[in-house]
Amino acid sequence: MMKRRKFEWGYLLLIPGIGYIVFFVIASLYIMVAQSFGFYNYTGSSEFSLTFWQNVFTRTFFDDLWFSFRTALLTALVSIVICYPLSLLMQKIPGRKTFLSILKIPMFVPALVASFLIVNIIDYHGIINIVLVKLGFIEEPLRLRNDPAGIGALVVQIWKNVPFQMIIMYSAIEAVRKDVKDAAANLGANRFAILKEIILPITLPSALVAVIMVFIRTFNDFAISKTAGPYYPTSISNLMYLHAYTFGDWNTSACIGVMMMVTSIVFVSFYTYISKKIAD
Amino acid sequence: MTTRLIVNGIDKTFGDFQALSDVSFTIEPGQFVTLLGPSGCGKTTLLRVIAGFLEPEKGEILFGDKVMNDVPPNKRNTAMCFQSYALFPHKTVYENIIFGLRMRKVSADEQRKRVKEVMEMVDLVGLENRKPYELSGGQQQRVALARAIIVRPEILLFDEPLSNLDAKLREKVRVDIRNIQHSLGITTVYVTHDQAEALAISDVVIAMNKGRIVQKSDPKTIYNRPSTKFVADFIGSANITPGTCTEFAGSTAVVDSLYGVLRVQAADLTPGEEAFLCIRPEDFVPIFAENAPHAVNVVTGSVLHAVYMGNSLDLFVKVNDHVVRISAAKDCPIPEGSQISFTVQPDKICVMKG
Ligand SMILES: Nc1ncnc2c1ncn2[C@@H]1O[C@H](COP(=O)(O)OP(=O)(O)OP(=O)(O)O)[C@@H](O)[C@H]1O
Ligand SMILES: [Mg+2]
């Protein structure tokens, strides 16, 4: 009895650490939702109103939402497809420690800097275009940056997210116990069978996590789509920014924010549900 | 298709640590061989070399007349029961056990038949759909065992496969392993810490120490005629004393030992030669004045402790400042502190040169 009581009181000790984080998270979420219904206005009257919600669902909103969603999903999937074989390969090669550190560099480059770096490479007068033109493959430089299809933004995102996923996948693959792989080989499994029967299924949960984390990161991205992405459609974060700072309409901006969160939550729940099914 | 296993001059080092030095032995087709030795002596390492997970720096592994050094593990047709179990964590018990059969493309019917058989043997029926983390240590160990046995390979390698089972189950499974191995004629290397187990099931026992083979003999010989002090001490309990030969006549030597002057039936000792004597506790027989008037090798001392072992009464007797262990009959009426005399037949004393 005594022990149990003590334990419960012990939770109070967490308050200085976790309490204020929880407070700010809940407070800001609350304010965002309230703002979307017309409260907490910085100027003018603050009263309940549905007008902002009525105005949110425009063509632009859906185009931008789709752009962010599509870029995020493609980034997450293409990155894992690149990163998984790379992580497998890295287990074996000599000097992999150095190689790994080099591969991690993009992670520490701020998104904006990364964008500018890549933009310089894929720009109208960028390295790729110059080389391609000089070699005579193309007459006119290609429009790789701010291209309407958003390939430029996608490339930057992948460049930045592959290393992030590699850290997860490399350790996940490395953590597969040697004796378990030995046991499989001992029972007659060749390299391919070991990969298919042992390594892939054991690391699948980590891969699913790696995908979802990159999805969320990319879905919320602002900087990269702003610099390397198309002018229209743009990212949903960019639309939010536009409403708040360019139009001064914080309420609509809050509506968009709420929609971003809802989309994320719906997607993550759906994804978690599917991955549970796959994992079983 | 039973196979002879030849291990020929194997050296294996980890960094600058020599885990195996010049290990050589031959196991005849269908033989059951036990590796016995203290922790860290290289038993697992040797099995891993045979299975092909470790490459030796020197020496050869042969299955029959095929040199296996360059054959990858999955082509060696061995099955190993790992000391660490090495179960597939994401697969169920059933999937773990049939893995080897699937890799060998055994027909589904045959798979089902054999799974049923081994599951019954290791007493796992009903746990088919559990994952390894849902099993107790002993149950996991039995899955590891079943997974190896089911494939019926040329060579079976067991690394302490029963260490986590209770005494009863251990005895049953041990007999089952022996039966399967015997009926299929699978050449088997079996690692154990349990010397009683080693003596009970093996055709041949190999004693190892510090990466070397010390003795390879049948169970009787290794127990009764250990070739070194290490083997005598490691297998069973032993009273070991240094001694000097003072006389040699016929086939009997007279040896001056810590326990007094003993007559020893010895092959080759010359007067003045030093050697060690090994006397098993159960070979000492307490004597009472009335029952042995002409006894040889009589030793006298005072009983320090009497320990009841269930099947015997073990006496620790102080003789010339040395403690001698004697296994007496369990109902022997000898109290602690009393003086007793005991004797040992000359042919029960083993002479060791090292
Ligand atoms: N991968 C390794 N790297 C370095 N040293 C190792 C490695 N594997 C084993 N050793 C060393 O080699 C020696 C033999 O190890 P091994 O596992 O064969 O012992 P063992 O006889 O099986 O012992 P136990 O009865 O405790 O299982 C030990 O001293 C161990 O520390
Ligand atoms: Mg071992």
# chains A, B, ... in the order shown; residues from 1 in each chain; ligands from 1
$ interface_residues --of "chain A" --to "chain B" --cutoff "8 Å" --atoms "only C-alpha atoms" --output "list in words"
Asp179, Val180, Asp182, Ala183, Ala184, Ala185, Asn186, Leu187, Gly188, Ala189, Asn190, Ile198, Pro201 and Ile202 of chain A
$ residues_near_ligand --ligand "ligand 2" --cutoff "12 Å" --atoms "only C-alpha atoms and all ligand atoms" --output "ChimeraX atom specification"
/B:19,35-48,81-85,157-161,163,190-193
$ residues_around --residues "segment 227-234 of chain A" --least-positions-apart "5" --cutoff "8 Å" --atoms "only C-alpha atoms" --output "list in words"
Thr60, Asp63, Asp64, Phe67, Ser68, Leu112, Ser115, Phe116, Val119, Arg145, Asn146, Asp147, Pro148, Ala149, Gly150, Ile151, Gly152, Ala153, Val156 and Leu239 of chain A
$ write_last_selection --atoms "N, CA and C atoms" --output "PDB file, in the first residue's frame"
ATOM      1  N   THR A  60      -7.595  26.336 -54.556  1.00  0.00           N
ATOM      2  CA  THR A  60      -6.197  26.496 -54.158  1.00  0.00           C
ATOM      3  C   THR A  60      -5.860  25.617 -52.962  1.00  0.00           C
ATOM      4  N   ASP A  63      -5.580  22.024 -54.072  1.00  0.00           N
ATOM      5  CA  ASP A  63      -4.370  21.821 -54.878  1.00  0.00           C
ATOM      6  C   ASP A  63      -3.134  21.790 -53.985  1.00  0.00           C
ATOM      7  N   ASP A  64      -3.069  22.743 -53.051  1.00  0.00           N
ATOM      8  CA  ASP A  64      -1.899  22.831 -52.177  1.00  0.00           C
ATOM      9  C   ASP A  64      -1.822  21.638 -51.227  1.00  0.00           C
ATOM     10  N   PHE A  67      -0.652  18.801 -53.172  1.00  0.00           N
ATOM     11  CA  PHE A  67       0.779  18.939 -53.474  1.00  0.00           C
ATOM     12  C   PHE A  67       1.622  18.494 -52.272  1.00  0.00           C
ATOM     13  N   SER A  68       1.279  18.999 -51.098  1.00  0.00           N
ATOM     14  CA  SER A  68       2.048  18.652 -49.895  1.00  0.00           C
ATOM     15  C   SER A  68       1.959  17.163 -49.614  1.00  0.00           C
ATOM     16  N   LEU A 112      16.764  25.343 -45.600  1.00  0.00           N
ATOM     17  CA  LEU A 112      16.858  26.480 -46.514  1.00  0.00           C
ATOM     18  C   LEU A 112      18.176  26.455 -47.261  1.00  0.00           C
ATOM     19  N   SER A 115      18.167  23.804 -49.800  1.00  0.00           N
ATOM     20  CA  SER A 115      17.431  24.227 -50.979  1.00  0.00           C
ATOM     21  C   SER A 115      18.294  25.067 -51.896  1.00  0.00           C
ATOM     22  N   PHE A 116      18.975  26.054 -51.302  1.00  0.00           N
ATOM     23  CA  PHE A 116      19.797  26.935 -52.131  1.00  0.00           C
ATOM     24  C   PHE A 116      20.912  26.163 -52.817  1.00  0.00           C
ATOM     25  N   VAL A 119      19.324  24.149 -55.493  1.00  0.00           N
ATOM     26  CA  VAL A 119      18.829  25.057 -56.518  1.00  0.00           C
ATOM     27  C   VAL A 119      19.969  25.479 -57.440  1.00  0.00           C
ATOM     28  N   ARG A 145      14.117  23.783 -61.674  1.00  0.00           N
ATOM     29  CA  ARG A 145      13.747  24.442 -60.431  1.00  0.00           C
ATOM     30  C   ARG A 145      12.379  25.076 -60.594  1.00  0.00           C
ATOM     31  N   ASN A 146      11.611  25.055 -59.523  1.00  0.00           N
ATOM     32  CA  ASN A 146      10.264  25.611 -59.546  1.00  0.00           C
ATOM     33  C   ASN A 146       9.446  25.051 -60.697  1.00  0.00           C
ATOM     34  N   ASP A 147       9.790  23.797 -61.107  1.00  0.00           N
ATOM     35  CA  ASP A 147       9.037  23.181 -62.198  1.00  0.00           C
ATOM     36  C   ASP A 147       7.620  22.900 -61.727  1.00  0.00           C
ATOM     37  N   PRO A 148       6.645  23.004 -62.626  1.00  0.00           N
ATOM     38  CA  PRO A 148       5.242  22.853 -62.222  1.00  0.00           C
ATOM     39  C   PRO A 148       4.948  21.490 -61.594  1.00  0.00           C
ATOM     40  N   ALA A 149       5.689  20.454 -61.982  1.00  0.00           N
ATOM     41  CA  ALA A 149       5.415  19.119 -61.442  1.00  0.00           C
ATOM     42  C   ALA A 149       6.001  18.946 -60.044  1.00  0.00           C
ATOM     43  N   GLY A 150       6.880  19.844 -59.642  1.00  0.00           N
ATOM     44  CA  GLY A 150       7.439  19.771 -58.292  1.00  0.00           C
ATOM     45  C   GLY A 150       8.554  18.754 -58.158  1.00  0.00           C
ATOM     46  N   ILE A 151       9.186  18.385 -59.274  1.00  0.00           N
ATOM     47  CA  ILE A 151      10.277  17.402 -59.218  1.00  0.00           C
ATOM     48  C   ILE A 151      11.457  17.969 -58.432  1.00  0.00           C
ATOM     49  N   GLY A 152      11.754  19.258 -58.664  1.00  0.00           N
ATOM     50  CA  GLY A 152      12.879  19.895 -57.987  1.00  0.00           C
ATOM     51  C   GLY A 152      12.746  19.782 -56.475  1.00  0.00           C
ATOM     52  N   ALA A 153      11.558  20.125 -55.976  1.00  0.00           N
ATOM     53  CA  ALA A 153      11.313  20.060 -54.530  1.00  0.00           C
ATOM     54  C   ALA A 153      11.456  18.627 -54.033  1.00  0.00           C
ATOM     55  N   VAL A 156      15.129  17.651 -53.683  1.00  0.00           N
ATOM     56  CA  VAL A 156      15.730  18.225 -52.472  1.00  0.00           C
ATOM     57  C   VAL A 156      15.263  17.465 -51.226  1.00  0.00           C
ATOM     58  N   LEU A 239       0.629  28.097 -47.929  1.00  0.00           N
ATOM     59  CA  LEU A 239      -0.697  28.705 -48.030  1.00  0.00           C
ATOM     60  C   LEU A 239      -1.099  29.323 -46.691  1.00  0.00           C
TER      61      LEU A 239
END
$ residues_around --residues "Val351 of chain B" --least-positions-apart "5" --cutoff "12 Å" --atoms "only C-alpha atoms" --output "ChimeraX atom specification"
/B:224-229,232,239-245,252-255,257,262-269,273-279,346
$ write_last_selection --atoms "N, CA, C and O atoms" --output "compact mmCIF listing (two decimals), in the first residue's frame"
# COMPACT_ATOMS: atom_id res chain seq x y z
N ASN B 224 37.53 -43.83 -15.89
CA ASN B 224 38.40 -44.69 -15.07
C ASN B 224 39.88 -44.47 -15.30
O ASN B 224 40.69 -44.68 -14.41
N ARG B 225 40.23 -44.10 -16.52
CA ARG B 225 41.64 -43.92 -16.85
C ARG B 225 41.89 -42.53 -17.44
O ARG B 225 42.34 -42.40 -18.58
N PRO B 226 41.58 -41.47 -16.71
CA PRO B 226 41.86 -40.13 -17.24
C PRO B 226 43.35 -39.99 -17.51
O PRO B 226 44.17 -40.51 -16.75
N SER B 227 43.70 -39.32 -18.60
CA SER B 227 45.11 -39.27 -18.96
C SER B 227 45.83 -38.13 -18.27
O SER B 227 47.05 -38.12 -18.19
N THR B 228 45.08 -37.13 -17.81
CA THR B 228 45.75 -36.02 -17.12
C THR B 228 44.96 -35.65 -15.87
O THR B 228 43.79 -36.00 -15.73
N LYS B 229 45.62 -34.89 -15.01
CA LYS B 229 44.99 -34.36 -13.81
C LYS B 229 43.74 -33.56 -14.16
O LYS B 229 42.71 -33.65 -13.51
N ALA B 232 40.84 -35.86 -14.99
CA ALA B 232 40.41 -36.55 -13.78
C ALA B 232 39.56 -35.62 -12.93
O ALA B 232 38.51 -35.98 -12.41
N ASN B 239 40.12 -37.82 -6.12
CA ASN B 239 41.19 -37.52 -5.18
C ASN B 239 42.50 -37.65 -5.94
O ASN B 239 42.79 -38.70 -6.50
N ILE B 240 43.23 -36.56 -5.99
CA ILE B 240 44.45 -36.57 -6.78
C ILE B 240 45.65 -36.29 -5.88
O ILE B 240 45.63 -35.33 -5.10
N THR B 241 46.63 -37.11 -5.98
CA THR B 241 47.82 -36.91 -5.16
C THR B 241 49.08 -37.13 -5.99
O THR B 241 49.12 -38.03 -6.83
N PRO B 242 50.09 -36.30 -5.79
CA PRO B 242 51.37 -36.60 -6.43
C PRO B 242 52.02 -37.78 -5.70
O PRO B 242 51.72 -38.03 -4.54
N GLY B 243 52.86 -38.48 -6.37
CA GLY B 243 53.51 -39.63 -5.73
C GLY B 243 54.83 -39.95 -6.40
O GLY B 243 55.08 -39.53 -7.54
N THR B 244 55.67 -40.68 -5.67
CA THR B 244 56.95 -41.11 -6.23
C THR B 244 57.01 -42.63 -6.17
O THR B 244 56.74 -43.23 -5.12
N CYS B 245 57.36 -43.23 -7.29
CA CYS B 245 57.46 -44.68 -7.34
C CYS B 245 58.72 -45.12 -6.59
O CYS B 245 59.81 -44.59 -6.81
N THR B 252 52.98 -54.45 -10.45
CA THR B 252 52.56 -53.60 -9.34
C THR B 252 53.67 -52.65 -8.93
O THR B 252 54.82 -53.06 -8.77
N ALA B 253 53.29 -51.40 -8.78
CA ALA B 253 54.26 -50.41 -8.33
C ALA B 253 53.93 -50.03 -6.90
O ALA B 253 52.76 -50.09 -6.48
N VAL B 254 54.92 -49.64 -6.17
CA VAL B 254 54.68 -49.09 -4.85
C VAL B 254 54.96 -47.59 -4.94
O VAL B 254 56.02 -47.18 -5.40
N VAL B 255 53.97 -46.81 -4.56
CA VAL B 255 54.08 -45.37 -4.73
C VAL B 255 53.92 -44.68 -3.38
O VAL B 255 52.99 -44.96 -2.63
N SER B 257 52.75 -41.65 -1.58
CA SER B 257 51.87 -40.53 -1.92
C SER B 257 51.49 -39.74 -0.67
O SER B 257 51.90 -40.08 0.43
N LEU B 262 51.11 -46.55 -1.27
CA LEU B 262 50.03 -47.28 -1.92
C LEU B 262 50.59 -48.25 -2.95
O LEU B 262 51.56 -47.95 -3.65
N ARG B 263 49.95 -49.39 -3.05
CA ARG B 263 50.30 -50.33 -4.13
C ARG B 263 49.39 -50.03 -5.31
O ARG B 263 48.18 -49.92 -5.16
N VAL B 264 50.00 -49.92 -6.46
CA VAL B 264 49.25 -49.49 -7.65
C VAL B 264 49.49 -50.46 -8.79
O VAL B 264 50.65 -50.82 -9.06
N GLN B 265 48.41 -50.88 -9.41
CA GLN B 265 48.56 -51.70 -10.61
C GLN B 265 48.90 -50.73 -11.74
O GLN B 265 48.03 -50.00 -12.20
N ALA B 266 50.14 -50.70 -12.16
CA ALA B 266 50.53 -49.67 -13.10
C ALA B 266 51.25 -50.24 -14.29
O ALA B 266 51.98 -51.22 -14.17
N ALA B 267 51.04 -49.64 -15.42
CA ALA B 267 51.66 -50.12 -16.65
C ALA B 267 53.16 -49.88 -16.63
O ALA B 267 53.95 -50.81 -16.62
N ASP B 268 53.55 -48.65 -16.58
CA ASP B 268 54.98 -48.39 -16.71
C ASP B 268 55.44 -47.28 -15.77
O ASP B 268 55.33 -46.10 -16.08
N LEU B 269 55.88 -47.68 -14.64
CA LEU B 269 56.50 -46.73 -13.73
C LEU B 269 57.86 -47.30 -13.38
O LEU B 269 58.01 -48.50 -13.20
N GLU B 273 60.47 -42.49 -10.37
CA GLU B 273 59.64 -41.65 -11.25
C GLU B 273 58.50 -40.98 -10.47
O GLU B 273 57.93 -41.58 -9.56
N GLU B 274 58.19 -39.75 -10.86
CA GLU B 274 57.09 -39.06 -10.21
C GLU B 274 55.85 -39.09 -11.10
O GLU B 274 55.97 -39.03 -12.32
N ALA B 275 54.70 -39.19 -10.48
CA ALA B 275 53.45 -39.20 -11.25
C ALA B 275 52.32 -38.74 -10.34
O ALA B 275 52.54 -38.44 -9.17
N PHE B 276 51.11 -38.64 -10.92
CA PHE B 276 49.94 -38.33 -10.10
C PHE B 276 49.05 -39.56 -10.01
O PHE B 276 48.96 -40.34 -10.96
N LEU B 277 48.40 -39.71 -8.88
CA LEU B 277 47.45 -40.80 -8.72
C LEU B 277 46.05 -40.22 -8.64
O LEU B 277 45.84 -39.18 -8.00
N CYS B 278 45.11 -40.90 -9.29
CA CYS B 278 43.70 -40.48 -9.21
C CYS B 278 42.90 -41.61 -8.62
O CYS B 278 42.94 -42.74 -9.11
N ILE B 279 42.19 -41.31 -7.55
CA ILE B 279 41.33 -42.31 -6.93
C ILE B 279 39.92 -41.74 -6.81
O ILE B 279 39.71 -40.68 -6.21
N PRO B 346 44.36 -51.95 -5.75
CA PRO B 346 45.45 -51.43 -6.59
C PRO B 346 45.02 -51.14 -8.03
O PRO B 346 45.52 -50.21 -8.65
$ residues_around --residues "Leu5 of chain B" --least-positions-apart "6" --cutoff "9 Å" --atoms "only C-alpha atoms" --output "number ranges by chain"
B: 25-29, 61-65, 155, 187
$ write_last_selection --atoms "all heavy atoms" --output "CSV table (one decimal), in the first residue's frame"
chain,number,residue,atom,x,y,z
B,25,PHE,N,40.6,-34.5,-34.7
B,25,PHE,CA,40.0,-35.7,-34.3
B,25,PHE,C,39.1,-36.3,-35.4
B,25,PHE,O,38.8,-35.5,-36.4
B,25,PHE,CB,39.1,-35.6,-33.0
B,25,PHE,CG,38.0,-34.5,-33.1
B,25,PHE,CD1,36.8,-34.8,-33.7
B,25,PHE,CD2,38.2,-33.3,-32.7
B,25,PHE,CE1,35.8,-33.9,-33.8
B,25,PHE,CE2,37.3,-32.3,-32.7
B,25,PHE,CZ,36.0,-32.6,-33.3
B,26,THR,N,38.8,-37.5,-35.4
B,26,THR,CA,37.9,-38.1,-36.4
B,26,THR,C,36.7,-38.7,-35.7
B,26,THR,O,36.8,-39.3,-34.6
B,26,THR,CB,38.6,-39.2,-37.1
B,26,THR,OG1,39.8,-38.6,-37.8
B,26,THR,CG2,37.7,-39.8,-38.2
B,27,ILE,N,35.5,-38.5,-36.3
B,27,ILE,CA,34.3,-39.1,-35.7
B,27,ILE,C,33.8,-40.0,-36.8
B,27,ILE,O,33.5,-39.6,-37.9
B,27,ILE,CB,33.3,-38.0,-35.4
B,27,ILE,CG1,33.8,-37.0,-34.3
B,27,ILE,CG2,32.0,-38.7,-34.8
B,27,ILE,CD1,32.9,-35.9,-34.0
B,28,GLU,N,33.6,-41.3,-36.4
B,28,GLU,CA,33.2,-42.3,-37.4
B,28,GLU,C,31.7,-42.1,-37.7
B,28,GLU,O,31.0,-41.5,-36.9
B,28,GLU,CB,33.4,-43.7,-36.8
B,28,GLU,CG,34.9,-44.1,-36.5
B,28,GLU,CD,35.7,-43.9,-37.8
B,28,GLU,OE1,35.2,-44.2,-38.9
B,28,GLU,OE2,36.9,-43.5,-37.7
B,29,PRO,N,31.3,-42.5,-38.9
B,29,PRO,CA,29.9,-42.3,-39.3
B,29,PRO,C,28.9,-42.8,-38.3
B,29,PRO,O,29.1,-43.9,-37.8
B,29,PRO,CB,29.8,-43.1,-40.6
B,29,PRO,CG,31.2,-43.2,-41.1
B,29,PRO,CD,32.1,-43.2,-39.9
B,61,ILE,N,38.4,-29.1,-42.4
B,61,ILE,CA,37.2,-29.8,-42.0
B,61,ILE,C,36.8,-30.7,-43.1
B,61,ILE,O,36.7,-30.2,-44.3
B,61,ILE,CB,36.1,-28.8,-41.7
B,61,ILE,CG1,36.5,-27.8,-40.6
B,61,ILE,CG2,34.8,-29.6,-41.3
B,61,ILE,CD1,36.6,-28.4,-39.2
B,62,LEU,N,36.7,-32.0,-42.9
B,62,LEU,CA,36.2,-32.9,-44.0
B,62,LEU,C,34.9,-33.6,-43.5
B,62,LEU,O,34.8,-34.1,-42.4
B,62,LEU,CB,37.3,-33.9,-44.3
B,62,LEU,CG,38.5,-33.5,-45.0
B,62,LEU,CD1,39.6,-33.1,-44.1
B,62,LEU,CD2,38.9,-34.6,-46.0
B,63,PHE,N,33.9,-33.6,-44.5
B,63,PHE,CA,32.8,-34.5,-44.3
B,63,PHE,C,33.0,-35.6,-45.2
B,63,PHE,O,33.0,-35.4,-46.5
B,63,PHE,CB,31.5,-33.8,-44.6
B,63,PHE,CG,31.1,-32.6,-43.7
B,63,PHE,CD1,30.0,-31.9,-43.9
B,63,PHE,CD2,31.9,-32.3,-42.6
B,63,PHE,CE1,29.6,-30.8,-43.1
B,63,PHE,CE2,31.6,-31.2,-41.8
B,63,PHE,CZ,30.4,-30.5,-42.0
B,64,GLY,N,33.2,-36.8,-44.7
B,64,GLY,CA,33.6,-37.9,-45.6
B,64,GLY,C,34.9,-37.6,-46.2
B,64,GLY,O,35.9,-37.2,-45.5
B,65,ASP,N,35.0,-37.6,-47.6
B,65,ASP,CA,36.3,-37.2,-48.2
B,65,ASP,C,36.2,-35.8,-48.8
B,65,ASP,O,37.1,-35.4,-49.6
B,65,ASP,CB,36.8,-38.2,-49.2
B,65,ASP,CG,35.6,-38.7,-50.1
B,65,ASP,OD1,34.6,-38.0,-50.1
B,65,ASP,OD2,35.8,-39.8,-50.7
B,155,ILE,N,25.2,-34.1,-40.5
B,155,ILE,CA,25.9,-33.9,-39.2
B,155,ILE,C,25.1,-33.0,-38.3
B,155,ILE,O,24.7,-31.9,-38.7
B,155,ILE,CB,27.3,-33.3,-39.4
B,155,ILE,CG1,28.2,-34.3,-40.1
B,155,ILE,CG2,27.9,-32.9,-38.1
B,155,ILE,CD1,29.5,-33.9,-40.5
B,187,THR,N,25.8,-38.5,-37.7
B,187,THR,CA,27.0,-38.2,-37.0
B,187,THR,C,26.8,-37.0,-36.1
B,187,THR,O,26.3,-36.0,-36.6
B,187,THR,CB,28.2,-38.0,-38.0
B,187,THR,OG1,28.2,-39.1,-38.9
B,187,THR,CG2,29.5,-37.8,-37.2
$ atom_distance --atom1 "atom CA of Lys216 of chain B" --atom2 "atom CA of Gln195 of chain B"
14.1 Å
$ select_by_dssp --residues "segment 35-254 of chain A" --states "alpha helix (DSSP H)" --output "NGL selection string"
:A and (35-36 or 51-56 or 59-90 or 96-108 or 111-122 or 127-134 or 151-174 or 178-186 or 191-194 or 200-219 or 223-228 or 236-241 or 250-254)
$ atom_distance --atom1 "atom 17 (O, counted along the ligand's line) of ligand 1" --atom2 "atom CA of Ile177 of chain B"
23.1 Å
$ atom_distance --atom1 "atom CA of Val155 of chain A" --atom2 "atom CA of Leu100 of chain A"
20.3 Å
$ select_by_dssp --residues "segment 125-229 of chain B" --states "strand (DSSP E or B)" --output "ChimeraX atom specification"
/B:155-159,187-192,204-209,212-217
